[in-house]
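As stored in target.cif (mmCIF, C-alpha atoms):
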```cif
data_final
loop_
_atom_site.label_atom_id
_atom_site.label_comp_id
_atom_site.auth_asym_id
_atom_site.auth_seq_id
_atom_site.Cartn_x
_atom_site.Cartn_y
_atom_site.Cartn_z
CA MET A 1 -21.90 -1.43 19.68
CA LYS A 2 -19.02 0.72 18.36
CA ALA A 3 -16.50 -2.13 18.90
CA ILE A 4 -18.73 -4.48 16.94
CA ASN A 5 -18.93 -2.00 14.06
CA ASN A 6 -15.14 -1.49 13.98
CA PHE A 7 -14.40 -5.21 13.89
CA LEU A 8 -17.08 -5.94 11.33
CA MET A 9 -16.13 -2.99 9.11
CA ARG A 10 -12.45 -4.00 9.08
CA SER A 11 -13.38 -7.59 8.35
CA VAL A 12 -15.81 -6.72 5.57
CA CYS A 13 -13.38 -4.29 3.94
CA ALA A 14 -10.53 -6.82 4.08
CA LEU A 15 -12.84 -9.50 2.72
CA ILE A 16 -13.93 -7.33 -0.23
CA VAL A 17 -10.37 -6.23 -1.04
CA GLY A 18 -9.13 -9.82 -0.80
CA LEU A 19 -11.86 -11.17 -3.06
CA VAL A 20 -11.31 -8.46 -5.66
CA LEU A 21 -7.55 -9.06 -5.70
CA VAL A 22 -7.94 -12.84 -5.96
CA ILE A 23 -10.75 -12.88 -8.53
CA TRP A 24 -9.67 -9.91 -10.71
CA PRO A 25 -5.93 -9.24 -10.22
CA ASP A 26 -5.59 -7.60 -13.66
CA ALA A 27 -8.43 -5.18 -13.01
CA ALA A 28 -7.10 -4.41 -9.53
CA ALA A 29 -3.73 -3.36 -10.94
CA VAL A 30 -5.40 -1.12 -13.50
CA TYR A 31 -7.65 0.51 -10.90
CA ILE A 32 -4.76 1.08 -8.50
CA VAL A 33 -2.83 2.93 -11.22
CA ILE A 34 -5.96 4.92 -12.12
CA THR A 35 -6.41 5.85 -8.46
CA ILE A 36 -2.80 7.02 -8.27
CA GLY A 37 -3.39 9.02 -11.45
CA VAL A 38 -6.43 10.73 -9.94
CA LEU A 39 -4.39 11.51 -6.82
CA PHE A 40 -1.84 13.26 -9.05
CA MET A 41 -4.53 15.11 -11.01
CA ILE A 42 -6.40 16.63 -8.05
CA PRO A 43 -3.57 18.75 -6.57
CA GLY A 44 -2.39 19.71 -10.05
CA LEU A 45 -5.86 20.89 -10.93
CA ILE A 46 -6.22 22.81 -7.65
CA VAL A 47 -2.88 24.59 -8.14
CA THR A 48 -3.68 25.46 -11.76
CA ILE A 49 -7.16 26.76 -10.95
CA GLY A 50 -5.69 28.73 -8.05
CA TYR A 51 -3.21 30.36 -10.41
CA TYR A 52 -5.95 31.61 -12.73
CA THR A 53 -8.36 32.70 -9.97
CA LYS A 54 -5.85 34.57 -7.80
CA LYS A 55 -5.88 38.36 -8.05
CA VAL A 56 -2.89 39.83 -9.81
CA GLU A 57 -0.75 42.19 -7.73
CA LEU A 58 1.25 44.67 -9.72
CA GLU A 59 4.50 44.49 -7.76
CA VAL A 60 4.70 40.70 -7.29
CA PRO A 61 5.52 38.70 -10.43
CA ARG A 62 3.64 35.43 -10.70
CA ARG A 63 5.22 32.22 -11.85
CA PHE A 64 3.26 29.85 -14.02
CA PRO A 65 2.48 26.69 -11.96
CA ILE A 66 4.49 24.28 -14.10
CA GLU A 67 4.53 21.72 -11.26
CA GLY A 68 0.74 21.80 -11.01
CA VAL A 69 0.25 21.41 -14.74
CA GLY A 70 2.89 18.66 -14.83
CA SER A 71 1.22 16.83 -11.96
CA PHE A 72 -2.15 17.09 -13.69
CA LEU A 73 -0.78 15.87 -17.03
CA PHE A 74 1.11 12.99 -15.42
CA GLY A 75 -2.05 11.95 -13.55
CA LEU A 76 -4.03 12.16 -16.78
CA TRP A 77 -1.43 9.97 -18.49
CA LEU A 78 -1.72 7.42 -15.67
CA VAL A 79 -5.52 7.41 -15.99
CA ILE A 80 -5.42 7.02 -19.78
CA THR A 81 -2.77 4.23 -19.94
CA PRO A 82 -2.84 2.35 -16.60
CA ALA A 83 -1.74 -1.04 -17.96
CA PHE A 84 1.41 0.50 -19.46
CA PHE A 85 2.44 1.98 -16.12
CA ALA A 86 1.66 -1.23 -14.24
CA ASP A 87 3.99 -3.09 -16.62
CA VAL A 88 6.68 -0.38 -16.31
CA LEU A 89 6.57 -0.75 -12.53
CA MET A 90 6.95 -4.50 -12.85
CA TYR A 91 9.93 -4.10 -15.20
CA LEU A 92 11.49 -1.73 -12.68
CA LEU A 93 10.88 -4.18 -9.84
CA GLY A 94 12.33 -7.04 -11.89
CA PHE A 95 15.43 -4.99 -12.69
CA ILE A 96 15.90 -4.10 -9.01
CA LEU A 97 15.56 -7.76 -8.01
CA MET A 98 18.06 -8.85 -10.66
CA MET A 99 20.58 -6.21 -9.58
CA GLY A 100 20.14 -7.23 -5.94
CA GLY A 101 20.74 -10.89 -6.77
CA VAL A 102 23.80 -10.09 -8.90
CA GLN A 103 25.21 -7.83 -6.19
CA GLN A 104 24.82 -10.52 -3.50
CA ILE A 105 26.44 -13.15 -5.72
CA ALA A 106 29.32 -10.76 -6.46
CA LEU A 107 29.81 -10.08 -2.74
CA LEU A 108 29.89 -13.82 -2.03
CA ILE A 109 32.45 -14.37 -4.79
CA MET A 110 34.55 -11.52 -3.39
CA ALA A 111 34.25 -12.95 0.15
CA ARG A 112 35.70 -16.26 -1.10
CA LYS A 113 39.09 -14.56 -1.24
CA TRP A 114 39.41 -14.44 2.56
CA VAL A 115 36.87 -16.99 3.85
CA ARG A 116 35.34 -20.26 2.70
CA VAL A 117 31.81 -19.74 1.31
CA SER A 118 29.70 -22.86 0.92
CA GLY A 119 27.25 -23.31 -1.97
CA GLY A 120 24.23 -22.91 0.30
CA TYR A 121 24.89 -19.19 0.59
CA TYR A 122 24.31 -18.80 -3.14
CA VAL A 123 20.76 -20.21 -3.08
CA ILE A 124 18.90 -17.10 -1.91
CA PRO A 125 20.76 -14.63 -4.20
CA LEU A 126 20.23 -17.00 -7.12
CA LEU A 127 16.49 -17.22 -6.34
CA ILE A 128 16.32 -13.42 -6.16
CA LEU A 129 18.08 -13.17 -9.53
CA LEU A 130 15.69 -15.73 -11.07
CA ALA A 131 12.66 -13.95 -9.59
CA GLY A 132 13.81 -10.68 -11.16
CA LEU A 133 14.31 -12.42 -14.50
CA PHE A 134 10.82 -13.96 -14.24
CA VAL A 135 9.30 -10.55 -13.52
CA ILE A 136 11.05 -8.98 -16.51
CA LEU A 137 10.02 -11.79 -18.85
CA ASN A 138 6.43 -12.05 -17.54
CA PRO A 139 5.42 -8.72 -15.97
CA THR A 140 1.67 -9.39 -16.11
CA ASP A 141 1.93 -12.86 -14.59
CA ALA A 142 4.21 -11.57 -11.84
CA ARG A 143 1.85 -8.69 -11.09
CA ASN A 144 -1.15 -11.00 -10.99
CA THR A 145 0.68 -13.43 -8.72
CA ALA A 146 1.64 -10.62 -6.34
CA PHE A 147 -1.93 -9.34 -6.21
CA ILE A 148 -3.28 -12.84 -5.63
CA ILE A 149 -0.86 -13.30 -2.72
CA ILE A 150 -1.92 -9.93 -1.28
CA GLY A 151 -5.57 -10.89 -1.81
CA VAL A 152 -5.20 -14.23 -0.05
CA THR A 153 -3.39 -12.47 2.80
CA SER A 154 -6.25 -9.97 3.02
CA LEU A 155 -8.78 -12.81 3.14
CA LEU A 156 -6.79 -14.48 5.93
CA TYR A 157 -6.76 -11.18 7.81
CA ALA A 158 -10.55 -10.88 7.46
CA LEU A 159 -11.01 -14.44 8.72
CA SER A 160 -8.63 -13.83 11.63
CA GLU A 161 -10.46 -10.62 12.53
CA LEU A 162 -13.83 -12.39 12.56
CA ILE A 163 -12.50 -15.27 14.65
CA SER A 164 -10.95 -12.80 17.07
CA TRP A 165 -14.24 -10.97 17.42
CA PHE A 166 -16.31 -14.13 17.90
CA LYS A 167 -13.87 -15.77 20.30
CA PHE A 168 -12.59 -12.89 22.38
CA MET A 169 -13.96 -9.40 21.85
CA ARG A 170 -17.66 -10.11 22.20
CA ARG A 171 -16.92 -11.71 25.58
CA LYS A 172 -15.05 -8.64 26.84
CA PRO A 173 -16.53 -7.59 30.17
CA LYS A 174 -18.39 -4.31 30.22
CA PRO A 175 -17.40 -1.73 32.84
CA PRO A 176 -20.01 -1.41 35.56
CA VAL A 177 -21.95 1.81 35.16
CA ALA A 178 -23.16 2.09 38.76
CA ALA A 179 -19.66 1.86 40.23
CA SER A 180 -18.33 4.67 38.03
CA LEU A 181 -21.26 6.92 39.04
CA LEU A 182 -20.56 6.27 42.74
CA GLU A 183 -16.92 7.21 42.25
CA VAL A 184 -17.94 10.52 40.64
CA GLU A 185 -20.31 11.29 43.53
CA ASP A 186 -17.60 10.42 46.09
CA ALA A 187 -15.13 12.69 44.26
CA GLU A 188 -17.61 15.58 44.35
CA ILE A 189 -18.17 15.06 48.11
CA ILE A 190 -14.40 15.08 48.77
CA ASP A 191 -13.95 18.23 46.65
CA GLU A 192 -16.58 20.09 48.68
#
```

Starting from the file, lay out its structure as structure tokens.
Amino acid sequence: MKAINNFLMRSVCALIVGLVLVIWPDAAAVYIVITIGVLFMIPGLIVTIGYYTKKVELEVPRRFPIEGVGSFLFGLWLVITPAFFADVLMYLLGFILMMGGVQQIALLIMARKWVRVSGGYYVIPLLILLAGLFVILNPTDARNTAFIIIGVTSLLYALSELISWFKFMRRKPKPPVAASLLEVEDAEIIDE
């Protein structure tokens, strides 16, 4: 019964995540940033509360927990303005893709000095450069497209998990109970 629950739980969770990402990619991005913000706020709050509740020892100077307060404030900022941070991350990703494409094209141009480089080698770096440019010009569309791809992949995983369970795992042979009890009794007899 436990194996059935594990397979079904994984499938249901993947199915729910996939549907949410495909149907509401904008909301998913916002909620992911909010979740990250809460994860920053919790330790910051714990450290700050710990600072104020800890007994003061006369000989040991205490430092104000600037990291804890900073973590809490950054998390609060993420929770208050999640769409802004989602767009900032997309701009950063687009910039990284553009720099990667430019660097690969520059390396190919440099390699032409000592070896012949055909035009086919420029296709992938050019596509990377164009993808980065697309992300910078349309951060929301790029983010939504990425979440839809992740959502479809999650749905495919859920379907694969269900097929695997129906085809293979439910037909897995169960270990015989009587044989294992006999082995335990034989082991006890030998030990005596």

Write out as a tab-separated table a residue-level contact list of range 30-102 of chain A versus range 145-154 of chain A with cut-off 12 Å: for each qualifying residue the closest pair of atoms and the distance in Å to one decimal, counting only C-alpha atoms, rows sorted by chain and residue number upward.
```
residue	atom	partner	partner_atom	distance
A:Val30	CA	A:Phe147	CA	11.5
A:Ile32	CA	A:Phe147	CA	11.0
A:Ala86	CA	A:Phe147	CA	12.0
A:Met90	CA	A:Ala146	CA	10.4
A:Leu93	CA	A:Ala146	CA	11.8
```

Name the residues in contact with Gly94 in chain A at a cut-off of 8 Å, using all atoms listed in the file, excluding same-chain residues fewer than 4 positions from it; report them as a PyMOL selection string.
chain A and resi 90+98+131-136

Distance CA of Gly100 in chain A-CA of Lys113 in chain A, one decimal place?
20.9 Å

Identify which of the residues A:Lys167, A:Ser118, A:Glu161, A:Phe64 lies closest to Leu8 in chain A, counting all atoms listed in the file when measuring atom-to-atom distances.
A:Glu161

Here is a test: counting only C-alpha atoms, which residue of A:Leu155, A:Ile163, A:Leu73, A:Ile128 is nearest to Cys13 in chain A?
A:Leu155

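Remark: for Ala83 in chain A, the closest of the candidate residues A:Tyr31, A:Phe166, A:Tyr121, A:Tyr157 is A:Tyr31 (distances computed over all atoms listed in the file).
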
List as number ranges by chain the residues having at least one atom at most 12 Å from position (-8.1, -4.8, -15.3) as given in the file, counting only C-alpha atoms.
A: 20-21, 23-34, 81-84, 86, 140, 143-144, 147

Atoms are missing here; could range 137-170 of chain A be completed with N, CA and C atoms and written as an mmCIF file, in the frame of the given file?
```cif
data_model
loop_
_atom_site.group_PDB
_atom_site.id
_atom_site.type_symbol
_atom_site.label_atom_id
_atom_site.label_comp_id
_atom_site.auth_asym_id
_atom_site.auth_seq_id
_atom_site.Cartn_x
_atom_site.Cartn_y
_atom_site.Cartn_z
ATOM 1 N N LEU A 137 10.540 -11.028 -17.717
ATOM 2 C CA LEU A 137 10.020 -11.790 -18.850
ATOM 3 C C LEU A 137 8.504 -11.911 -18.843
ATOM 4 N N ASN A 138 7.884 -11.904 -17.673
ATOM 5 C CA ASN A 138 6.430 -12.050 -17.540
ATOM 6 C C ASN A 138 5.863 -11.016 -16.572
ATOM 7 N N PRO A 139 5.854 -9.740 -16.942
ATOM 8 C CA PRO A 139 5.420 -8.720 -15.970
ATOM 9 C C PRO A 139 3.960 -8.878 -15.541
ATOM 10 N N THR A 140 3.087 -9.257 -16.464
ATOM 11 C CA THR A 140 1.670 -9.390 -16.110
ATOM 12 C C THR A 140 1.443 -10.564 -15.182
ATOM 13 N N ASP A 141 2.074 -11.693 -15.466
ATOM 14 C CA ASP A 141 1.930 -12.860 -14.590
ATOM 15 C C ASP A 141 2.469 -12.573 -13.197
ATOM 16 N N ALA A 142 3.612 -11.895 -13.144
ATOM 17 C CA ALA A 142 4.210 -11.570 -11.840
ATOM 18 C C ALA A 142 3.308 -10.629 -11.056
ATOM 19 N N ARG A 143 2.756 -9.638 -11.749
ATOM 20 C CA ARG A 143 1.850 -8.690 -11.090
ATOM 21 C C ARG A 143 0.608 -9.407 -10.578
ATOM 22 N N ASN A 144 0.047 -10.265 -11.408
ATOM 23 C CA ASN A 144 -1.150 -11.000 -10.990
ATOM 24 C C ASN A 144 -0.851 -11.908 -9.801
ATOM 25 N N THR A 145 0.297 -12.559 -9.834
ATOM 26 C CA THR A 145 0.680 -13.430 -8.720
ATOM 27 C C THR A 145 0.836 -12.625 -7.438
ATOM 28 N N ALA A 146 1.474 -11.462 -7.534
ATOM 29 C CA ALA A 146 1.640 -10.620 -6.340
ATOM 30 C C ALA A 146 0.302 -10.174 -5.797
ATOM 31 N N PHE A 147 -0.610 -9.770 -6.681
ATOM 32 C CA PHE A 147 -1.930 -9.340 -6.210
ATOM 33 C C PHE A 147 -2.733 -10.501 -5.630
ATOM 34 N N ILE A 148 -2.578 -11.682 -6.194
ATOM 35 C CA ILE A 148 -3.280 -12.840 -5.630
ATOM 36 C C ILE A 148 -2.751 -13.147 -4.236
ATOM 37 N N ILE A 149 -1.437 -13.063 -4.049
ATOM 38 C CA ILE A 149 -0.860 -13.300 -2.720
ATOM 39 C C ILE A 149 -1.365 -12.252 -1.734
ATOM 40 N N ILE A 150 -1.396 -10.983 -2.153
ATOM 41 C CA ILE A 150 -1.920 -9.930 -1.280
ATOM 42 C C ILE A 150 -3.399 -10.168 -0.996
ATOM 43 N N GLY A 151 -4.149 -10.606 -2.000
ATOM 44 C CA GLY A 151 -5.570 -10.890 -1.810
ATOM 45 C C GLY A 151 -5.819 -12.027 -0.840
ATOM 46 N N VAL A 152 -5.051 -13.109 -0.978
ATOM 47 C CA VAL A 152 -5.200 -14.230 -0.050
ATOM 48 C C VAL A 152 -4.826 -13.793 1.367
ATOM 49 N N THR A 153 -3.777 -12.987 1.489
ATOM 50 C CA THR A 153 -3.390 -12.470 2.800
ATOM 51 C C THR A 153 -4.501 -11.605 3.392
ATOM 52 N N SER A 154 -5.138 -10.808 2.555
ATOM 53 C CA SER A 154 -6.250 -9.970 3.020
ATOM 54 C C SER A 154 -7.432 -10.838 3.462
ATOM 55 N N LEU A 155 -7.707 -11.894 2.736
ATOM 56 C CA LEU A 155 -8.780 -12.810 3.140
ATOM 57 C C LEU A 155 -8.460 -13.483 4.472
ATOM 58 N N LEU A 156 -7.193 -13.881 4.656
ATOM 59 C CA LEU A 156 -6.790 -14.480 5.930
ATOM 60 C C LEU A 156 -6.920 -13.473 7.071
ATOM 61 N N TYR A 157 -6.592 -12.219 6.803
ATOM 62 C CA TYR A 157 -6.760 -11.180 7.810
ATOM 63 C C TYR A 157 -8.229 -11.028 8.195
ATOM 64 N N ALA A 158 -9.113 -11.013 7.193
ATOM 65 C CA ALA A 158 -10.550 -10.880 7.460
ATOM 66 C C ALA A 158 -11.043 -12.059 8.300
ATOM 67 N N LEU A 159 -10.607 -13.258 7.960
ATOM 68 C CA LEU A 159 -11.010 -14.440 8.720
ATOM 69 C C LEU A 159 -10.479 -14.372 10.148
ATOM 70 N N SER A 160 -9.231 -13.958 10.304
ATOM 71 C CA SER A 160 -8.630 -13.830 11.630
ATOM 72 C C SER A 160 -9.364 -12.783 12.466
ATOM 73 N N GLU A 161 -9.746 -11.692 11.837
ATOM 74 C CA GLU A 161 -10.460 -10.620 12.530
ATOM 75 C C GLU A 161 -11.832 -11.110 13.016
ATOM 76 N N LEU A 162 -12.522 -11.855 12.164
ATOM 77 C CA LEU A 162 -13.830 -12.390 12.560
ATOM 78 C C LEU A 162 -13.700 -13.409 13.690
ATOM 79 N N ILE A 163 -12.711 -14.282 13.588
ATOM 80 C CA ILE A 163 -12.500 -15.270 14.650
ATOM 81 C C ILE A 163 -12.159 -14.567 15.954
ATOM 82 N N SER A 164 -11.320 -13.561 15.870
ATOM 83 C CA SER A 164 -10.950 -12.800 17.070
ATOM 84 C C SER A 164 -12.180 -12.163 17.697
ATOM 85 N N TRP A 165 -13.051 -11.607 16.865
ATOM 86 C CA TRP A 165 -14.240 -10.970 17.420
ATOM 87 C C TRP A 165 -15.165 -12.003 18.048
ATOM 88 N N PHE A 166 -15.401 -13.127 17.356
ATOM 89 C CA PHE A 166 -16.310 -14.130 17.900
ATOM 90 C C PHE A 166 -15.761 -14.798 19.151
ATOM 91 N N LYS A 167 -14.459 -15.044 19.171
ATOM 92 C CA LYS A 167 -13.870 -15.770 20.300
ATOM 93 C C LYS A 167 -13.594 -14.887 21.513
ATOM 94 N N PHE A 168 -13.108 -13.661 21.259
ATOM 95 C CA PHE A 168 -12.590 -12.890 22.380
ATOM 96 C C PHE A 168 -13.339 -11.581 22.631
ATOM 97 N N MET A 169 -13.486 -10.764 21.628
ATOM 98 C CA MET A 169 -13.960 -9.400 21.850
ATOM 99 C C MET A 169 -15.423 -9.321 22.279
ATOM 100 N N ARG A 170 -16.260 -10.207 21.791
ATOM 101 C CA ARG A 170 -17.660 -10.110 22.200
ATOM 102 C C ARG A 170 -17.846 -10.594 23.637
#
```
